[in-house]
$ cat my_file.cif   # mmCIF, C-alpha atoms
data_my_file
#
loop_
_atom_site.label_atom_id
_atom_site.label_comp_id
_atom_site.auth_asym_id
_atom_site.auth_seq_id
_atom_site.Cartn_x
_atom_site.Cartn_y
_atom_site.Cartn_z
CA MET X 1 -9.94 -12.09 24.51
CA PHE X 2 -6.52 -11.08 25.82
CA TRP X 3 -3.39 -13.17 25.64
CA THR X 4 -0.15 -12.57 27.54
CA ALA X 5 3.33 -13.81 26.81
CA GLY X 6 6.22 -12.39 28.77
CA ARG X 7 5.50 -8.68 29.23
CA VAL X 8 3.30 -8.35 26.13
CA LEU X 9 -0.48 -8.32 26.18
CA ALA X 10 -2.32 -9.05 22.92
CA ALA X 11 -5.99 -8.76 22.02
CA VAL X 12 -6.97 -11.80 19.97
CA GLN X 13 -10.01 -13.29 18.31
CA PRO X 14 -9.76 -17.03 19.02
CA ASP X 15 -11.15 -19.67 16.69
CA LEU X 16 -11.81 -17.28 13.85
CA ASP X 17 -13.26 -19.01 10.79
CA LEU X 18 -11.26 -17.50 7.92
CA THR X 19 -13.63 -18.94 5.31
CA MET X 20 -16.30 -16.50 6.46
CA LEU X 21 -14.04 -13.65 5.36
CA ALA X 22 -14.46 -14.73 1.75
CA GLU X 23 -17.89 -13.07 1.72
CA GLU X 24 -17.46 -9.34 1.15
CA THR X 25 -20.06 -8.06 3.62
CA THR X 26 -18.85 -10.36 6.40
CA ALA X 27 -15.24 -9.36 5.73
CA LEU X 28 -16.17 -5.66 5.82
CA GLU X 29 -17.97 -6.13 9.14
CA ALA X 30 -14.92 -7.96 10.52
CA VAL X 31 -12.61 -5.13 9.40
CA VAL X 32 -14.86 -2.55 11.06
CA ASP X 33 -14.94 -4.65 14.26
CA HIS X 34 -11.14 -4.97 14.17
CA ASP X 35 -10.77 -1.21 13.86
CA ARG X 36 -13.33 -0.60 16.63
CA VAL X 37 -11.43 -2.84 19.04
CA ILE X 38 -8.15 -1.10 18.22
CA GLN X 39 -9.77 2.32 18.73
CA GLU X 40 -11.28 1.28 22.08
CA LEU X 41 -7.98 -0.14 23.34
CA PHE X 42 -6.10 2.91 22.05
CA ALA X 43 -8.34 5.13 24.17
CA LEU X 44 -7.02 3.25 27.22
CA ALA X 45 -3.34 2.66 26.40
CA PRO X 46 -0.78 2.72 23.57
CA VAL X 47 -1.28 -0.05 21.03
CA LEU X 48 0.61 -1.59 18.13
CA PRO X 49 -2.17 -2.39 15.68
CA LEU X 50 -1.40 -5.50 13.67
CA ARG X 51 -2.77 -5.91 10.20
CA PHE X 52 -6.29 -7.28 9.96
CA ALA X 53 -6.44 -11.08 9.60
CA THR X 54 -3.00 -11.70 11.09
CA VAL X 55 -3.32 -15.39 11.91
CA PHE X 56 -1.35 -17.75 14.12
CA SER X 57 -1.72 -21.51 13.75
CA SER X 58 -2.04 -22.09 17.50
CA ALA X 59 -1.88 -20.45 20.92
CA ASP X 60 1.69 -21.73 21.22
CA ALA X 61 2.64 -20.09 17.92
CA LEU X 62 1.17 -16.79 19.16
CA SER X 63 3.09 -17.07 22.44
CA GLU X 64 6.32 -17.88 20.61
CA HIS X 65 5.82 -14.88 18.32
CA LEU X 66 5.12 -12.50 21.21
CA LEU X 67 8.12 -13.74 23.18
CA ALA X 68 10.44 -13.59 20.17
CA HIS X 69 9.39 -10.00 19.37
CA GLN X 70 8.82 -8.83 22.94
CA ASP X 71 11.80 -6.43 23.06
CA LEU X 72 10.92 -4.91 19.69
CA TYR X 73 7.24 -4.48 20.61
CA LEU X 74 8.06 -2.94 24.00
CA ALA X 75 10.55 -0.53 22.40
CA ARG X 76 7.96 0.52 19.79
CA LEU X 77 5.31 0.98 22.48
CA ASP X 78 7.75 3.16 24.40
CA GLN X 79 8.45 5.25 21.26
CA LEU X 80 4.73 5.65 20.56
CA GLN X 81 3.80 6.49 24.15
CA ASP X 82 1.58 9.60 24.22
CA ARG X 83 1.55 9.90 20.42
CA VAL X 84 -1.36 9.78 18.02
CA GLU X 85 -1.65 9.59 14.25
CA PHE X 86 -3.42 12.10 12.07
CA THR X 87 -3.95 11.80 8.34
CA LEU X 88 -3.54 15.01 6.43
CA ARG X 89 -4.83 15.20 2.90
CA LEU X 90 -3.48 18.02 0.78
CA THR X 91 -5.34 18.86 -2.42
CA PRO X 92 -3.98 21.69 -4.56
CA VAL X 93 -6.32 24.65 -4.95
CA VAL X 94 -6.68 25.03 -8.71
CA LEU X 95 -6.72 28.41 -10.37
CA ALA X 96 -9.98 29.27 -12.04
CA PRO X 97 -9.44 28.99 -15.77
CA THR X 98 -9.15 32.32 -17.45
CA VAL X 99 -11.49 32.93 -20.33
CA ALA X 100 -9.58 33.36 -23.53
CA ASN X 101 -10.64 36.34 -25.52
CA ALA X 102 -10.72 36.40 -29.25
CA ALA X 103 -7.07 37.38 -29.56
CA GLU X 104 -5.36 36.41 -32.76
CA GLY X 105 -1.83 35.86 -33.90
CA ARG X 106 0.89 37.22 -31.65
CA ALA X 107 -1.60 38.44 -28.98
CA TYR X 108 -3.07 34.94 -28.74
CA PHE X 109 0.34 33.37 -28.12
CA GLN X 110 1.24 36.08 -25.60
CA GLN X 111 -1.99 35.36 -23.72
CA ARG X 112 -1.30 31.60 -23.70
CA LYS X 113 2.25 32.23 -22.46
CA GLN X 114 0.87 34.36 -19.62
CA GLN X 115 -1.61 31.65 -18.63
CA TYR X 116 1.14 29.03 -18.66
CA GLN X 117 3.35 31.26 -16.49
CA GLN X 118 0.51 31.75 -13.99
CA VAL X 119 0.12 27.98 -13.66
CA GLN X 120 3.88 27.53 -13.21
CA ASP X 121 3.99 30.29 -10.57
CA ARG X 122 1.07 28.74 -8.71
CA GLN X 123 2.71 25.31 -8.68
CA GLN X 124 5.94 26.84 -7.37
CA GLN X 125 3.98 28.60 -4.60
CA GLN X 126 2.32 25.29 -3.69
CA ARG X 127 5.68 23.49 -3.53
CA ALA X 128 7.16 26.25 -1.35
CA GLU X 129 4.14 26.19 0.97
CA GLN X 130 4.31 22.40 1.25
CA GLU X 131 8.04 22.51 2.05
CA HIS X 132 7.35 25.17 4.70
CA LEU X 133 4.68 22.93 6.25
CA PHE X 134 7.05 19.93 6.46
CA THR X 135 9.83 22.07 7.93
CA HIS X 136 7.37 23.40 10.51
CA LEU X 137 6.26 19.86 11.41
CA GLN X 138 9.87 18.73 11.82
CA THR X 139 10.61 21.62 14.20
CA LEU X 140 7.66 20.44 16.33
CA GLY X 141 9.03 16.88 16.44
CA VAL X 142 6.23 15.51 14.27
CA HIS X 143 7.18 12.46 12.22
CA TYR X 144 5.43 11.92 8.90
CA VAL X 145 5.02 9.38 6.14
CA LEU X 146 4.05 10.52 2.64
CA GLU X 147 1.53 8.36 0.79
CA GLY X 148 0.38 10.06 -2.41
CA GLU X 149 -1.57 13.17 -1.51
CA ARG X 150 -1.98 11.87 2.04
CA VAL X 151 0.49 12.57 4.82
CA HIS X 152 0.38 10.40 7.94
CA LEU X 153 1.54 12.38 10.97
CA LEU X 154 2.75 10.98 14.29
CA VAL X 155 1.99 13.76 16.76
CA PRO X 156 2.52 14.09 20.50
CA ARG X 157 -0.96 13.74 22.04
CA ALA X 158 -0.61 17.03 23.96
CA LEU X 159 0.60 19.10 20.98
CA GLY X 160 -2.77 20.62 20.15
CA VAL X 161 -2.78 22.81 17.03
CA PHE X 162 0.18 21.92 14.86
CA LEU X 163 -0.78 23.01 11.36
CA ILE X 164 -0.04 26.34 9.77
CA PRO X 165 -2.45 28.14 7.44
CA LEU X 166 -2.13 27.02 3.83
CA THR X 167 -3.57 29.27 1.13
CA HIS X 168 -2.69 27.15 -1.92
CA TRP X 169 -3.97 23.84 -0.57
CA GLU X 170 -7.30 22.41 0.52
CA VAL X 171 -6.58 20.62 3.79
CA THR X 172 -8.48 17.68 5.30
CA LEU X 173 -7.35 16.37 8.69
CA THR X 174 -8.52 13.04 10.13
CA GLY X 175 -7.71 11.78 13.60
CA PRO X 176 -6.57 11.21 16.21
CA LEU X 177 -6.00 7.55 15.38
CA PRO X 178 -3.79 4.75 16.65
CA PRO X 179 -0.37 4.84 14.95
CA TYR X 180 -1.25 2.51 12.06
CA HIS X 181 1.48 3.81 9.73
CA PHE X 182 4.25 3.95 12.36
CA VAL X 183 4.24 0.38 13.71
#

$ encode --input "my_file.cif" --output "structure tokens"
Amino acid sequence: MFWTAGRVLAAVQPDLDLTMLAEETTALEAVVDHDRVIQELFALAPVLPLRFATVFSSADALSEHLLAHQDLYLARLDQLQDRVEFTLRLTPVVLAPTVANAAEGRAYFQQRKQQYQQVQDRQQQQRAEQEHLFTHLQTLGVHYVLEGERVHLLVPRALGVFLIPLTHWEVTLTGPLPPYHFV
């Protein structure tokens, strides 16, 4: 169902029984349905996805909320116009462990020092490559939010290919999605 207040249109699920969300399988189905509706609407127009189970006590409370935040919501929709979110997961490519030979004494410690230096060099290369990626994204006008090893990217819909080759990282890209992390 759709609800309008001022110049804002909201998709709502009226008369939702919140007690049914206490059951895990029902709650999971409801989350999947929520995401499906957002995806379908996003295919048609820009959306500001609200968190699942955002509840208003009445239709009047919803209308008051939409009217009170109308300017903010319209400004955000304008900023997000023609933009999509991608989630980039960067996992460091790990060096294969070198097999230690039967070195003893000084040779053993020299070998361990070399292995340690290789790991340090690899980590420095990964940091440099990651910094280069973020600089590249900024030059393209891509906004990003870091969340652990995930990077949420807000990308112009028409940008096309925006990543650069990364040799020290395993890259997983998911999207395009509505701008969940930029609302």

$ atom_distance --input "my_file.cif" --atom1 "atom CA of X:Gln124" --atom2 "atom CA of X:Leu140"
24.6 Å

$ closest_residue --input "my_file.cif" --among "X:Pro46, X:Glu23, X:His34, X:Leu133" --to "X:Glu85" --atoms "only C-alpha atoms"
X:Pro46

$ closest_residue --input "my_file.cif" --among "X:Tyr73, X:Phe86, X:Trp169, X:Tyr108" --to "X:Ala5" --atoms "only C-alpha atoms"
X:Tyr73

$ atom_distance --input "my_file.cif" --atom1 "atom CA of X:Gln126" --atom2 "atom CA of X:Thr167"
8.6 Å

$ residues_near_point --input "my_file.cif" --point "(-0.8, 3.8, 22.2)" --cutoff "12 Å" --atoms "only C-alpha atoms" --output "ChimeraX atom specification"
/X:38-49,73-74,76-85,154-157,176-180,182-183

$ atom_distance --input "my_file.cif" --atom1 "atom CA of X:Thr174" --atom2 "atom CA of X:Leu88"
6.5 Å

$ closest_residue --input "my_file.cif" --among "X:Thr25, X:Gln125, X:Gln138, X:Gln114" --to "X:Pro92" --atoms "only C-alpha atoms"
X:Gln125

$ closest_residue --input "my_file.cif" --among "X:Gln130, X:Gln123, X:Gln118, X:Thr4" --to "X:Leu67" --atoms "all atoms listed in the file"
X:Thr4

$ resolve_selection --input "my_file.cif" --expression "the PyMOL selection byres ((chain X and resi 146) around 12)" --output "tab-separated table (two decimals) with C-alpha atoms, in the coordinates of the input"
chain	number	residue	atom	x	y	z
X	87	THR	CA	-3.95	11.80	8.34
X	88	LEU	CA	-3.54	15.01	6.43
X	89	ARG	CA	-4.83	15.20	2.90
X	90	LEU	CA	-3.48	18.02	0.78
X	130	GLN	CA	4.31	22.40	1.25
X	134	PHE	CA	7.05	19.93	6.46
X	143	HIS	CA	7.18	12.46	12.22
X	144	TYR	CA	5.43	11.92	8.90
X	145	VAL	CA	5.02	9.38	6.14
X	147	GLU	CA	1.53	8.36	0.79
X	148	GLY	CA	0.38	10.06	-2.41
X	149	GLU	CA	-1.57	13.17	-1.51
X	150	ARG	CA	-1.98	11.87	2.04
X	151	VAL	CA	0.49	12.57	4.82
X	152	HIS	CA	0.38	10.40	7.94
X	153	LEU	CA	1.54	12.38	10.97
X	154	LEU	CA	2.75	10.98	14.29
X	181	HIS	CA	1.48	3.81	9.73
X	182	PHE	CA	4.25	3.95	12.36

$ resolve_selection --input "my_file.cif" --expression "the PyMOL selection byres ((chain X and resi 18) around 12)" --output "compact mmCIF listing (two decimals) with C-alpha atoms, in the coordinates of the input"
# COMPACT_ATOMS: atom_id res chain seq x y z
CA GLN X 13 -10.01 -13.29 18.31
CA PRO X 14 -9.76 -17.03 19.02
CA ASP X 15 -11.15 -19.67 16.69
CA LEU X 16 -11.81 -17.28 13.85
CA ASP X 17 -13.26 -19.01 10.79
CA THR X 19 -13.63 -18.94 5.31
CA MET X 20 -16.30 -16.50 6.46
CA LEU X 21 -14.04 -13.65 5.36
CA ALA X 22 -14.46 -14.73 1.75
CA GLU X 23 -17.89 -13.07 1.72
CA THR X 26 -18.85 -10.36 6.40
CA ALA X 27 -15.24 -9.36 5.73
CA ALA X 30 -14.92 -7.96 10.52
CA PHE X 52 -6.29 -7.28 9.96
CA ALA X 53 -6.44 -11.08 9.60
CA THR X 54 -3.00 -11.70 11.09
CA VAL X 55 -3.32 -15.39 11.91
CA PHE X 56 -1.35 -17.75 14.12
CA SER X 57 -1.72 -21.51 13.75

$ closest_residue --input "my_file.cif" --among "X:Arg106, X:His132, X:Arg122, X:His168" --to "X:Val93" --atoms "all atoms listed in the file"
X:His168
